[in-house]
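Structure file target_21.cif (mmCIF, C-alpha atoms) is printed below.
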data_final
loop_
_atom_site.label_atom_id
_atom_site.label_comp_id
_atom_site.auth_asym_id
_atom_site.auth_seq_id
_atom_site.Cartn_x
_atom_site.Cartn_y
_atom_site.Cartn_z
CA MET F 1 -46.25 26.16 6.18
CA LYS F 2 -43.38 25.54 8.57
CA ASN F 3 -44.28 21.83 8.77
CA LYS F 4 -44.34 21.59 4.96
CA ILE F 5 -40.89 23.17 4.71
CA THR F 6 -39.56 20.83 7.37
CA LEU F 7 -41.07 17.84 5.58
CA ALA F 8 -39.62 18.94 2.23
CA LEU F 9 -36.23 19.49 3.79
CA GLY F 10 -36.39 16.03 5.34
CA ILE F 11 -37.22 14.47 1.96
CA VAL F 12 -34.26 16.28 0.37
CA LEU F 13 -31.90 15.10 3.11
CA VAL F 14 -33.12 11.52 2.78
CA SER F 15 -32.65 11.74 -0.99
CA ILE F 16 -29.12 13.06 -0.55
CA ALA F 17 -28.32 10.31 1.93
CA SER F 18 -29.80 7.71 -0.41
CA TYR F 19 -27.74 9.05 -3.32
CA SER F 20 -24.59 9.04 -1.22
CA GLN F 21 -25.25 5.47 -0.11
CA ASN F 22 -25.88 4.21 -3.64
CA LYS F 23 -23.51 6.39 -5.67
CA THR F 24 -21.79 4.79 -8.63
CA PHE F 25 -18.46 6.46 -9.32
CA GLN F 26 -17.56 7.56 -12.81
CA LYS F 27 -14.76 5.98 -14.85
CA GLU F 28 -11.34 6.76 -13.36
CA GLU F 29 -12.85 8.93 -10.63
CA PHE F 30 -10.94 6.63 -8.27
CA LYS F 31 -7.74 8.47 -9.16
CA GLN F 32 -9.01 11.43 -7.15
CA TRP F 33 -8.92 9.29 -3.99
CA ALA F 34 -5.12 9.07 -3.92
CA GLN F 35 -3.82 12.27 -5.48
CA THR F 36 -0.72 11.91 -3.32
CA PRO F 37 0.87 8.52 -2.63
CA PRO F 38 -0.95 6.79 0.26
CA MET F 39 0.93 6.62 3.57
CA GLY F 40 0.19 4.23 6.40
CA TRP F 41 0.99 1.07 8.33
CA ASN F 42 0.52 -2.58 7.41
CA SER F 43 0.62 -5.48 9.86
CA TRP F 44 2.42 -8.00 7.62
CA ASP F 45 6.11 -7.35 8.35
CA CYS F 46 5.69 -7.59 12.11
CA TYR F 47 2.72 -9.94 12.61
CA GLY F 48 2.39 -12.02 9.44
CA PRO F 49 -1.08 -13.62 9.25
CA THR F 50 -1.66 -13.53 13.01
CA VAL F 51 -2.31 -9.88 13.93
CA GLU F 52 -4.89 -9.23 16.65
CA GLU F 53 -7.18 -6.32 17.34
CA HIS F 54 -5.27 -4.94 20.33
CA GLU F 55 -2.10 -4.77 18.20
CA VAL F 56 -3.90 -2.95 15.40
CA LYS F 57 -5.28 -0.43 17.89
CA ALA F 58 -1.85 0.10 19.49
CA ASN F 59 -0.39 0.96 16.10
CA ALA F 60 -3.33 3.23 15.29
CA ASP F 61 -2.86 5.03 18.60
CA TYR F 62 0.82 5.57 17.82
CA MET F 63 0.08 6.82 14.31
CA ALA F 64 -2.50 9.28 15.57
CA LYS F 65 -0.08 10.67 18.14
CA GLU F 66 3.23 10.68 16.27
CA LEU F 67 2.64 10.45 12.51
CA LYS F 68 -0.79 11.75 11.54
CA LYS F 69 0.40 15.35 11.34
CA PHE F 70 2.98 14.27 8.75
CA GLY F 71 0.35 12.69 6.47
CA TRP F 72 0.40 9.09 7.66
CA GLU F 73 -3.22 7.89 7.80
CA TYR F 74 -3.94 4.30 6.72
CA VAL F 75 -4.01 1.40 9.19
CA VAL F 76 -4.14 -1.90 7.28
CA VAL F 77 -4.89 -5.39 8.61
CA ASP F 78 -3.02 -7.81 6.38
CA ILE F 79 -3.63 -11.41 5.38
CA ARG F 80 -5.97 -14.08 6.81
CA TRP F 81 -7.87 -12.07 9.39
CA PHE F 82 -10.72 -14.56 8.84
CA VAL F 83 -8.81 -17.62 10.14
CA GLU F 84 -9.24 -18.48 13.82
CA ASN F 85 -6.19 -20.73 14.08
CA ASP F 86 -3.57 -19.27 11.75
CA LYS F 87 0.11 -19.36 12.65
CA ALA F 88 3.25 -17.35 12.00
CA GLY F 89 6.14 -18.65 9.93
CA GLY F 90 4.01 -20.10 7.15
CA TYR F 91 0.25 -20.45 6.94
CA ASN F 92 -1.88 -23.09 8.61
CA GLN F 93 -3.24 -24.81 5.52
CA THR F 94 -3.74 -28.16 7.24
CA ASP F 95 -6.88 -27.46 9.27
CA PRO F 96 -7.73 -23.75 8.98
CA ARG F 97 -10.95 -22.66 10.67
CA TYR F 98 -12.46 -20.09 8.34
CA VAL F 99 -15.12 -17.60 9.42
CA MET F 100 -17.66 -16.56 6.79
CA ASP F 101 -21.28 -15.61 6.34
CA GLN F 102 -24.07 -17.40 4.48
CA TYR F 103 -22.97 -15.84 1.17
CA GLY F 104 -19.41 -17.15 1.27
CA ARG F 105 -17.92 -13.84 2.41
CA TYR F 106 -15.08 -13.95 4.93
CA LEU F 107 -15.66 -12.35 8.33
CA PRO F 108 -13.10 -11.38 11.01
CA ALA F 109 -12.22 -14.14 13.48
CA VAL F 110 -13.79 -13.03 16.76
CA ASN F 111 -11.12 -14.73 18.88
CA ARG F 112 -8.60 -12.31 17.31
CA PHE F 113 -10.94 -9.34 16.73
CA PRO F 114 -13.37 -9.34 19.67
CA SER F 115 -15.26 -6.25 18.50
CA ALA F 116 -16.43 -8.22 15.44
CA LYS F 117 -18.85 -10.21 17.63
CA ASP F 118 -22.54 -10.50 16.75
CA GLY F 119 -21.85 -10.15 13.03
CA GLN F 120 -20.50 -6.61 13.28
CA GLY F 121 -17.47 -7.42 11.16
CA PHE F 122 -14.74 -4.81 11.07
CA LYS F 123 -17.09 -1.86 11.56
CA PRO F 124 -16.28 -1.31 15.27
CA LEU F 125 -12.53 -1.40 14.58
CA ALA F 126 -12.94 0.90 11.58
CA ASP F 127 -14.99 3.28 13.74
CA TYR F 128 -12.21 3.30 16.37
CA ILE F 129 -9.64 4.20 13.72
CA HIS F 130 -11.87 6.79 12.02
CA LYS F 131 -12.46 8.58 15.33
CA LYS F 132 -8.71 9.19 15.45
CA GLY F 133 -8.85 10.90 12.07
CA LEU F 134 -7.25 7.90 10.35
CA LYS F 135 -8.37 5.48 7.65
CA PHE F 136 -8.88 1.71 7.79
CA GLY F 137 -7.74 -0.95 5.34
CA ILE F 138 -7.76 -4.73 4.91
CA HIS F 139 -6.06 -7.39 2.81
CA ILE F 140 -7.86 -10.11 0.84
CA MET F 141 -6.86 -12.81 -1.60
CA ARG F 142 -8.09 -12.82 -5.18
CA GLY F 143 -10.91 -15.26 -5.89
CA ILE F 144 -13.73 -17.04 -4.11
CA PRO F 145 -13.32 -19.23 -0.99
CA LYS F 146 -12.89 -22.96 -1.59
CA LYS F 147 -15.25 -23.53 1.32
CA ALA F 148 -17.96 -21.49 -0.42
CA VAL F 149 -17.49 -23.59 -3.56
CA GLU F 150 -17.53 -26.91 -1.70
CA ASN F 151 -20.70 -25.96 0.18
CA LYS F 152 -22.35 -24.45 -2.93
CA MET F 153 -23.08 -21.27 -1.03
CA PRO F 154 -25.40 -18.75 -2.70
CA ILE F 155 -24.01 -15.55 -4.21
CA LYS F 156 -25.75 -12.48 -2.84
CA GLY F 157 -27.60 -10.47 -5.47
CA THR F 158 -28.24 -13.36 -7.83
CA ASN F 159 -31.26 -15.52 -8.54
CA GLY F 160 -29.99 -18.90 -7.41
CA ILE F 161 -26.38 -18.77 -8.64
CA THR F 162 -24.01 -20.54 -6.27
CA ALA F 163 -20.25 -20.33 -5.74
CA ASP F 164 -19.57 -23.65 -7.52
CA GLN F 165 -20.89 -22.12 -10.75
CA ILE F 166 -18.31 -19.31 -11.06
CA TYR F 167 -14.99 -20.90 -10.09
CA SER F 168 -12.02 -22.61 -11.69
CA THR F 169 -9.07 -24.48 -10.22
CA ALA F 170 -6.89 -23.05 -13.00
CA MET F 171 -4.46 -20.33 -11.92
CA GLN F 172 -5.12 -21.03 -8.25
CA CYS F 173 -2.64 -19.24 -6.00
CA GLU F 174 0.42 -21.47 -5.61
CA TRP F 175 1.37 -20.40 -2.09
CA LEU F 176 -2.01 -20.08 -0.35
CA ARG F 177 -4.90 -22.36 -1.19
CA ASP F 178 -7.80 -20.61 0.52
CA ASN F 179 -9.52 -19.50 -2.71
CA TYR F 180 -10.26 -20.56 -6.27
CA THR F 181 -10.10 -18.37 -9.36
CA VAL F 182 -13.29 -16.52 -10.27
CA LEU F 183 -14.28 -16.98 -13.92
CA ALA F 184 -14.76 -13.35 -14.87
CA ASP F 185 -17.19 -13.99 -17.74
CA GLN F 186 -19.55 -16.26 -15.78
CA PRO F 187 -22.97 -15.03 -14.58
CA GLY F 188 -22.60 -14.32 -10.88
CA ALA F 189 -18.91 -13.40 -11.01
CA GLN F 190 -19.48 -9.66 -10.92
CA GLU F 191 -22.20 -10.12 -8.30
CA TYR F 192 -19.77 -12.00 -6.05
CA TYR F 193 -17.24 -9.17 -6.07
CA ASP F 194 -20.07 -6.65 -5.74
CA SER F 195 -21.26 -8.48 -2.63
CA ILE F 196 -17.92 -8.44 -0.84
CA PHE F 197 -17.32 -4.77 -1.55
CA GLU F 198 -20.85 -3.97 -0.43
CA LEU F 199 -19.88 -5.60 2.87
CA TYR F 200 -16.55 -3.76 3.09
CA ALA F 201 -18.26 -0.44 2.41
CA GLN F 202 -20.68 -1.16 5.26
CA TRP F 203 -17.72 -1.84 7.54
CA GLY F 204 -16.09 1.47 6.62
CA VAL F 205 -13.09 0.12 4.71
CA ASP F 206 -11.03 2.87 3.02
CA PHE F 207 -8.21 0.79 1.52
CA ILE F 208 -7.91 -2.72 0.16
CA LYS F 209 -4.80 -4.69 -0.73
CA ILE F 210 -5.61 -7.65 -2.97
CA ASP F 211 -3.05 -10.43 -3.24
CA ASP F 212 -2.18 -12.93 -5.98
CA LEU F 213 -3.47 -10.39 -8.48
CA SER F 214 -0.41 -8.94 -10.21
CA ARG F 215 1.91 -11.90 -10.83
CA PRO F 216 0.56 -13.48 -12.92
CA TYR F 217 -1.64 -10.60 -14.00
CA HIS F 218 -5.36 -11.36 -13.64
CA GLU F 219 -6.95 -8.76 -15.88
CA GLY F 220 -10.42 -10.28 -15.75
CA GLU F 221 -10.67 -10.26 -11.96
CA ILE F 222 -9.12 -6.78 -11.78
CA ASN F 223 -11.94 -5.56 -14.04
CA LEU F 224 -14.53 -7.15 -11.73
CA ILE F 225 -12.87 -5.55 -8.68
CA ARG F 226 -12.74 -2.11 -10.27
CA ASN F 227 -16.43 -2.32 -11.17
CA ALA F 228 -17.34 -3.51 -7.68
CA ILE F 229 -15.48 -0.71 -5.91
CA ASP F 230 -16.98 1.90 -8.21
CA LYS F 231 -20.48 0.58 -7.42
CA CYS F 232 -20.09 0.18 -3.66
CA GLY F 233 -20.55 3.87 -2.84
CA ARG F 234 -17.36 4.21 -0.79
CA LYS F 235 -13.98 5.59 -1.84
CA ILE F 236 -11.83 2.49 -1.36
CA VAL F 237 -8.22 2.81 -2.53
CA LEU F 238 -7.13 -0.29 -4.48
CA SER F 239 -3.65 -1.79 -4.09
CA THR F 240 -2.69 -4.82 -6.20
CA SER F 241 -0.10 -7.28 -4.94
CA PRO F 242 2.45 -8.73 -5.18
CA GLY F 243 4.88 -7.95 -8.02
CA GLU F 244 6.42 -8.17 -10.39
CA THR F 245 3.52 -6.55 -12.23
CA PRO F 246 4.37 -7.00 -15.94
CA ILE F 247 5.22 -3.75 -17.71
CA SER F 248 3.00 -4.97 -20.53
CA ALA F 249 0.06 -4.44 -18.15
CA ALA F 250 1.06 -0.86 -17.28
CA SER F 251 -1.74 0.76 -19.26
CA HIS F 252 -4.40 -1.50 -17.77
CA VAL F 253 -3.25 -1.40 -14.16
CA SER F 254 -2.83 2.38 -14.18
CA THR F 255 -6.46 2.77 -15.28
CA HIS F 256 -7.82 0.29 -12.73
CA ALA F 257 -5.75 0.50 -9.53
CA ASN F 258 -4.39 3.27 -7.33
CA MET F 259 -1.13 1.41 -6.67
CA TRP F 260 0.53 -1.77 -7.84
CA ARG F 261 3.54 -3.72 -6.69
CA MET F 262 6.69 -3.70 -8.83
CA VAL F 263 8.43 -6.56 -6.99
CA ASP F 264 7.74 -9.37 -4.54
CA ASP F 265 8.09 -8.73 -0.80
CA VAL F 266 10.92 -6.38 0.19
CA TRP F 267 12.63 -7.48 3.40
CA ASP F 268 15.53 -6.07 5.39
CA THR F 269 18.38 -7.31 3.23
CA TRP F 270 20.47 -5.24 0.85
CA PRO F 271 19.79 -7.35 -2.30
CA HIS F 272 16.07 -6.68 -1.90
CA ILE F 273 16.75 -2.95 -2.17
CA THR F 274 19.06 -3.11 -5.18
CA HIS F 275 16.64 -5.44 -7.00
CA LEU F 276 13.84 -2.97 -6.36
CA MET F 277 15.91 -0.07 -7.73
CA ASP F 278 16.67 -2.08 -10.85
CA VAL F 279 13.07 -3.08 -11.55
CA ALA F 280 11.81 0.45 -10.82
CA GLN F 281 13.69 1.82 -13.82
CA LYS F 282 10.90 0.89 -16.22
CA TRP F 283 8.13 2.36 -14.05
CA TYR F 284 9.15 6.04 -13.82
CA PRO F 285 6.86 7.08 -16.71
CA TYR F 286 3.84 5.74 -14.82
CA ILE F 287 4.24 7.81 -11.65
CA ALA F 288 1.12 10.00 -11.69
CA PRO F 289 -1.49 11.45 -9.30
CA GLY F 290 -3.91 8.72 -8.28
CA THR F 291 -1.86 5.84 -9.72
CA TRP F 292 1.44 4.85 -8.12
CA PRO F 293 4.02 2.12 -8.78
CA ASP F 294 4.54 0.57 -5.34
CA CYS F 295 7.91 -0.30 -3.78
CA ASP F 296 6.21 -2.53 -1.14
CA MET F 297 6.20 -2.09 2.61
CA ILE F 298 9.00 -0.43 4.56
CA PRO F 299 10.86 -3.16 6.54
CA LEU F 300 12.23 -0.83 9.19
CA GLY F 301 11.89 -0.63 12.95
CA ARG F 302 10.89 -3.77 14.86
CA ILE F 303 9.75 -6.52 12.51
CA SER F 304 8.96 -10.25 12.57
CA ILE F 305 7.46 -10.23 16.05
CA ARG F 306 5.39 -13.06 14.61
CA GLY F 307 6.59 -12.63 11.08
CA GLU F 308 7.45 -14.64 8.02
CA ARG F 309 11.18 -13.88 7.62
CA GLY F 310 13.40 -14.55 10.62
CA LYS F 311 12.93 -13.89 14.31
CA ASP F 312 11.75 -10.88 16.27
CA ARG F 313 14.30 -8.12 15.61
CA MET F 314 15.02 -4.54 14.76
CA THR F 315 15.70 -4.20 11.04
CA ARG F 316 18.95 -5.77 9.87
CA LEU F 317 19.68 -2.82 7.57
CA THR F 318 22.47 -0.48 8.64
CA LYS F 319 21.65 3.19 9.20
CA ASP F 320 23.16 4.06 5.81
CA GLU F 321 21.01 1.38 4.18
CA GLN F 322 17.91 2.63 5.97
CA TYR F 323 18.53 6.15 4.65
CA THR F 324 19.01 4.68 1.18
CA LEU F 325 15.74 2.75 1.32
CA ILE F 326 13.61 5.57 2.70
CA THR F 327 15.18 8.14 0.36
CA PHE F 328 14.46 5.99 -2.68
CA PHE F 329 10.86 5.29 -1.61
CA ASN F 330 10.26 9.01 -1.09
CA ILE F 331 11.84 10.48 -4.21
CA PHE F 332 10.24 7.73 -6.33
CA LYS F 333 6.89 8.77 -4.80
CA SER F 334 6.05 5.22 -3.85
CA PRO F 335 3.17 4.67 -1.46
CA LEU F 336 4.68 4.46 2.04
CA PHE F 337 3.45 1.64 4.26
CA PHE F 338 5.57 1.14 7.34
CA GLY F 339 5.97 -2.53 8.21
CA GLY F 340 7.41 -2.39 11.71
CA ASP F 341 5.55 -2.35 15.00
CA MET F 342 5.24 1.40 15.47
CA PRO F 343 5.01 1.51 19.30
CA SER F 344 8.44 -0.18 19.28
CA ASN F 345 10.05 2.59 17.20
CA ASP F 346 13.26 4.14 18.44
CA ALA F 347 14.06 7.82 17.85
CA PHE F 348 16.09 7.13 14.72
CA THR F 349 13.32 5.11 13.07
CA LEU F 350 10.77 7.80 13.88
CA SER F 351 13.06 10.45 12.37
CA LEU F 352 12.99 8.63 9.03
CA LEU F 353 9.21 9.00 8.90
CA THR F 354 8.79 12.56 10.18
CA ASN F 355 11.19 14.75 8.19
CA LYS F 356 8.98 17.64 7.06
CA GLU F 357 11.00 18.48 3.98
CA VAL F 358 11.16 14.86 2.82
CA VAL F 359 7.42 14.39 3.38
CA LYS F 360 6.75 17.57 1.41
CA MET F 361 8.87 16.26 -1.47
CA HIS F 362 7.02 12.94 -1.37
CA ASN F 363 3.63 14.65 -1.51
CA GLU F 364 4.24 17.56 -3.85
CA SER F 365 7.10 16.79 -6.24
CA THR F 366 6.55 16.21 -9.96
CA HIS F 367 8.57 15.07 -13.00
CA VAL F 368 10.30 12.19 -11.23
CA LYS F 369 13.03 10.66 -13.39
CA GLN F 370 16.19 8.64 -13.13
CA LEU F 371 19.23 10.37 -14.61
CA PHE F 372 21.43 7.28 -14.56
CA GLN F 373 21.99 3.88 -12.96
CA LYS F 374 25.45 2.61 -13.78
CA ASP F 375 28.57 1.29 -12.08
CA GLY F 376 26.89 1.23 -8.69
CA LYS F 377 25.82 4.87 -9.00
CA ILE F 378 22.25 6.11 -9.22
CA ALA F 379 20.83 9.63 -9.56
CA VAL F 380 17.10 10.39 -9.32
CA THR F 381 15.58 13.85 -9.56
CA SER F 382 12.22 15.59 -9.35
CA LYS F 383 10.82 19.11 -9.23
CA ALA F 384 9.31 21.08 -6.35
CA LYS F 385 6.32 23.43 -6.53
CA ASP F 386 8.55 26.48 -6.08
CA GLY F 387 10.73 25.55 -9.06
CA SER F 388 13.57 24.11 -7.01
CA VAL F 389 15.00 20.69 -7.81
CA TYR F 390 15.29 17.56 -5.67
CA LEU F 391 18.24 15.27 -6.23
CA ALA F 392 18.98 11.89 -4.66
CA LEU F 393 22.40 10.34 -5.21
CA PHE F 394 23.10 6.70 -4.30
CA ASN F 395 26.21 4.56 -4.08
CA ILE F 396 24.89 0.99 -4.20
CA ALA F 397 28.34 -0.55 -4.64
CA ASP F 398 29.26 -3.13 -2.03
CA ASN F 399 32.89 -2.32 -1.32
CA ASP F 400 34.13 1.07 -2.51
CA SER F 401 33.38 4.63 -1.58
CA GLN F 402 32.88 6.69 -4.71
CA LYS F 403 31.85 10.11 -5.85
CA VAL F 404 28.43 10.35 -7.41
CA SER F 405 27.84 13.60 -9.28
CA VAL F 406 25.50 15.27 -11.75
CA ASN F 407 25.99 18.21 -14.09
CA LEU F 408 23.78 21.12 -13.11
CA SER F 409 22.78 21.51 -16.75
CA ASP F 410 21.20 18.05 -16.57
CA LEU F 411 18.98 19.39 -13.79
CA GLY F 412 18.01 22.50 -15.74
CA ILE F 413 19.72 24.87 -13.32
CA SER F 414 22.78 27.09 -13.51
CA GLY F 415 24.63 29.84 -11.71
CA SER F 416 24.95 30.01 -7.95
CA VAL F 417 22.89 27.32 -6.26
CA ASP F 418 21.72 27.06 -2.66
CA ILE F 419 21.81 23.51 -1.37
CA LEU F 420 19.82 21.94 1.47
CA ASN F 421 20.86 18.51 2.68
CA MET F 422 17.35 17.30 3.48
CA TRP F 423 18.35 14.71 6.07
CA THR F 424 20.91 16.71 8.03
CA GLY F 425 19.46 20.20 7.49
CA GLU F 426 22.91 21.45 6.47
CA LYS F 427 22.95 24.35 4.01
CA SER F 428 25.67 25.19 1.51
CA LYS F 429 26.28 26.67 -1.93
CA VAL F 430 27.75 25.42 -5.19
CA THR F 431 29.18 27.62 -7.90
CA SER F 432 30.70 24.94 -10.14
CA THR F 433 28.96 23.21 -13.01
CA GLU F 434 28.27 20.00 -11.13
CA ILE F 435 27.01 18.78 -7.79
CA GLY F 436 28.11 15.56 -6.15
CA ALA F 437 29.00 13.75 -2.97
CA ASP F 438 31.57 11.22 -1.82
CA LEU F 439 29.43 8.34 -0.65
CA LYS F 440 30.28 5.23 1.33
CA PRO F 441 28.98 1.88 0.04
CA HIS F 442 25.18 1.50 0.41
CA SER F 443 24.73 5.18 1.29
CA THR F 444 22.85 8.15 -0.11
CA VAL F 445 22.43 11.92 0.00
CA LEU F 446 19.25 13.89 -0.68
CA TYR F 447 19.46 17.54 -1.78
CA GLN F 448 17.07 20.36 -2.54
CA LEU F 449 18.68 22.79 -5.00
CA LYS F 450 17.56 26.39 -5.53
CA SER F 451 19.15 28.35 -8.33
CA LYS F 452 19.95 32.05 -7.69
CA LYS F 453 20.08 33.61 -11.10
#
Would you write the structure of this file as structure tokens?
Amino acid sequence: MKNKITLALGIVLVSIASYSQNKTFQKEEFKQWAQTPPMGWNSWDCYGPTVEEHEVKANADYMAKELKKFGWEYVVVDIRWFVENDKAGGYNQTDPRYVMDQYGRYLPAVNRFPSAKDGQGFKPLADYIHKKGLKFGIHIMRGIPKKAVENKMPIKGTNGITADQIYSTAMQCEWLRDNYTVLADQPGAQEYYDSIFELYAQWGVDFIKIDDLSRPYHEGEINLIRNAIDKCGRKIVLSTSPGETPISAASHVSTHANMWRMVDDVWDTWPHITHLMDVAQKWYPYIAPGTWPDCDMIPLGRISIRGERGKDRMTRLTKDEQYTLITFFNIFKSPLFFGGDMPSNDAFTLSLLTNKEVVKMHNESTHVKQLFQKDGKIAVTSKAKDGSVYLALFNIADNDSQKVSVNLSDLGISGSVDILNMWTGEKSKVTSTEIGADLKPHSTVLYQLKSKK
């Protein structure tokens, strides 16, 4: 009897494991995978297309030690991890040595990622990161490799369909020519995307950033990608890139991706920040659990070690500008992906990422809205779980200090109000009908307001 029970239990466990391995997720279940905006690190701003395994591990180690307790968890390897001889400061498109398997699927370059030897792919690196309680992500380009097309490589899961039967040269990425467009309605197209996500699920990928997808907007391939992720059996957060994602695609992207870029790359110059704030105005209505308009990576700390914009440096933004950037990203509830080399962080940079009250606002706040953006003044507000109100005031003017203020009635509060300056920790009260601050050019203040009625 005991043996029969043991055998039955074993069958049940195998069945459960089999179900888990082959689970197909239901429509829009993916929104549950990112109920708060994802937070992590991405290798692009500091290493461009040349990041190596030891650098990824060093950043994971730092995140586990310094940032994990504040909610930072994703470690993402950005572009061209499958090229053995890539270079910083522009891509090697002259004689790239691609690494891929027999089905035309890119594999990590072993000279840069030694643990990928013997066909193991990114699984050993993902295991290293998972053991630290973190999550692992990668970047890919939309489409199918040109090399797979040229060599007529078979598509896994099909009966004889090859890569040259599902591609088009139309709409090929203008700035990186590794891939061709996948014709979404061709037999074998869905199977190709299914095959690469099957591989990524085996590796233990938790996050994927897919480039050349949002501008112009490739609805057909986004549909294939959504289907493939939902079938792969692993909860892989989907980030589309770069911007500007067209607002006309808002309904589609918010039902297919967890996050999508609003603008092109944001670097450490003031015009990048003001352009972002301008474009973001149309995206406030689409901030929702599981689906997040994305401000791009955070170009703070030490960047461009082998990067694409300028030389190795600490961010060129002033401290006031850094507060402005990080405050906007947080109150807007953008995903937060730090772009600097984290082991190189100084104390000030770390403080921008580890403010408990700011992190709580980023995770928990609701009803995010812009009150105004005019004459170099911006006010953005949201609500806390306890009924208090968050308020960020910005002076984005270039030359003049100016007062930026809001009527308390516009925030839905009145009477005596307790104020917490969330960056300095300073507490005060206001009994007038408005709240404001005298702000230097390019500076900000972030308040939490609690009404005492």
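Note on the selection: in this file the PyMOL selection byres ((chain F and resi 387) around 12) comes out as Glu364, Ser365, Thr366, His367, Ser382, Lys383, Ala384, Lys385, Asp386, Ser388, Val389, Tyr390, Leu411, Gly412, Ile413, Gln448, Leu449, Lys450, Ser451 and Lys452 of chain F.
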Write out as a VMD selection string each polymer residue whose atoms come within 8 Å of stretch 322-325 of chain F, counting only C-alpha atoms; drop sequence neighbours fewer than 6 positions from it.
-> chain F and resid 273 300 352 394 442 to 444
Self-check item: Protein, DNA and RNA residues within 12 Å of (-20.3, -9.4, 15.1), only C-alpha atoms, as a PyMOL selection string
Solution: chain F and resi 99-101+107-111+113-125+203
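Remark: for F:Gly40, the closest of the candidate residues F:Thr291, F:Ser344, F:Asn59, F:Ser214 is F:Asn59 (distances computed over all atoms listed in the file).
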Quick one: everything within 8 Å of F:Ser416, counting all atoms listed in the file, minus sequence neighbours fewer than 5 positions away in the same chain. Send it as a ChimeraX atom specification. /F:429-432,451-453
Stretch 175-186 of chain F environment, 12 Å, only C-alpha atoms, sequence neighbours closer than 2 positions dropped, as a compact mmCIF listing (two decimals) with C-alpha atoms, keeping the file's coordinate frame:
# COMPACT_ATOMS: atom_id res chain seq x y z
CA PRO F 49 -1.08 -13.62 9.25
CA ILE F 79 -3.63 -11.41 5.38
CA ARG F 80 -5.97 -14.08 6.81
CA PHE F 82 -10.72 -14.56 8.84
CA VAL F 83 -8.81 -17.62 10.14
CA GLY F 90 4.01 -20.10 7.15
CA TYR F 91 0.25 -20.45 6.94
CA ASN F 92 -1.88 -23.09 8.61
CA GLN F 93 -3.24 -24.81 5.52
CA THR F 94 -3.74 -28.16 7.24
CA ASP F 95 -6.88 -27.46 9.27
CA PRO F 96 -7.73 -23.75 8.98
CA ARG F 97 -10.95 -22.66 10.67
CA TYR F 98 -12.46 -20.09 8.34
CA VAL F 99 -15.12 -17.60 9.42
CA GLY F 104 -19.41 -17.15 1.27
CA ARG F 105 -17.92 -13.84 2.41
CA TYR F 106 -15.08 -13.95 4.93
CA ILE F 140 -7.86 -10.11 0.84
CA MET F 141 -6.86 -12.81 -1.60
CA ARG F 142 -8.09 -12.82 -5.18
CA GLY F 143 -10.91 -15.26 -5.89
CA ILE F 144 -13.73 -17.04 -4.11
CA PRO F 145 -13.32 -19.23 -0.99
CA LYS F 146 -12.89 -22.96 -1.59
CA LYS F 147 -15.25 -23.53 1.32
CA ALA F 148 -17.96 -21.49 -0.42
CA VAL F 149 -17.49 -23.59 -3.56
CA GLU F 150 -17.53 -26.91 -1.70
CA ILE F 161 -26.38 -18.77 -8.64
CA THR F 162 -24.01 -20.54 -6.27
CA ALA F 163 -20.25 -20.33 -5.74
CA ASP F 164 -19.57 -23.65 -7.52
CA GLN F 165 -20.89 -22.12 -10.75
CA ILE F 166 -18.31 -19.31 -11.06
CA TYR F 167 -14.99 -20.90 -10.09
CA SER F 168 -12.02 -22.61 -11.69
CA THR F 169 -9.07 -24.48 -10.22
CA ALA F 170 -6.89 -23.05 -13.00
CA MET F 171 -4.46 -20.33 -11.92
CA GLN F 172 -5.12 -21.03 -8.25
CA CYS F 173 -2.64 -19.24 -6.00
CA GLY F 188 -22.60 -14.32 -10.88
CA ALA F 189 -18.91 -13.40 -11.01
CA GLN F 190 -19.48 -9.66 -10.92
CA GLU F 191 -22.20 -10.12 -8.30
CA TYR F 192 -19.77 -12.00 -6.05
CA TYR F 193 -17.24 -9.17 -6.07
CA ASP F 211 -3.05 -10.43 -3.24
CA ASP F 212 -2.18 -12.93 -5.98
CA LEU F 213 -3.47 -10.39 -8.48
CA HIS F 218 -5.36 -11.36 -13.64
CA GLU F 219 -6.95 -8.76 -15.88
CA GLY F 220 -10.42 -10.28 -15.75
CA GLU F 221 -10.67 -10.26 -11.96
CA ILE F 222 -9.12 -6.78 -11.78
CA ASN F 223 -11.94 -5.56 -14.04
CA LEU F 224 -14.53 -7.15 -11.73
CA ILE F 225 -12.87 -5.55 -8.68
CA ASN F 227 -16.43 -2.32 -11.17
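Using the PyMOL selection byres ((chain F and resi 371) around 10) on this structure selects Val368, Lys369, Gln370, Phe372, Gln373, Lys374, Ile378, Ala379, Val380, Thr381, Leu391, Leu393, Val406, Asp410 and Leu411 of chain F.
With all atoms listed in the file taken into account, every residue lying no more than 8 Å from the file point (0.4, -5.3, 8.4) is included here: Trp41, Asn42, Ser43, Trp44, Asp45, Cys46, Tyr47, Gly48, Val51, Val76, Val77, Asp78, Ile79 and Gly339 of chain F.
Counting from atom CA of F:Met63, the distance to atom CA of F:Glu426 is 28.2 Å.
Using only C-alpha atoms, the shortest contact distance between F:Leu336 and any of F:Arg309, F:Lys377, F:Lys132, F:His362 is found at F:His362.
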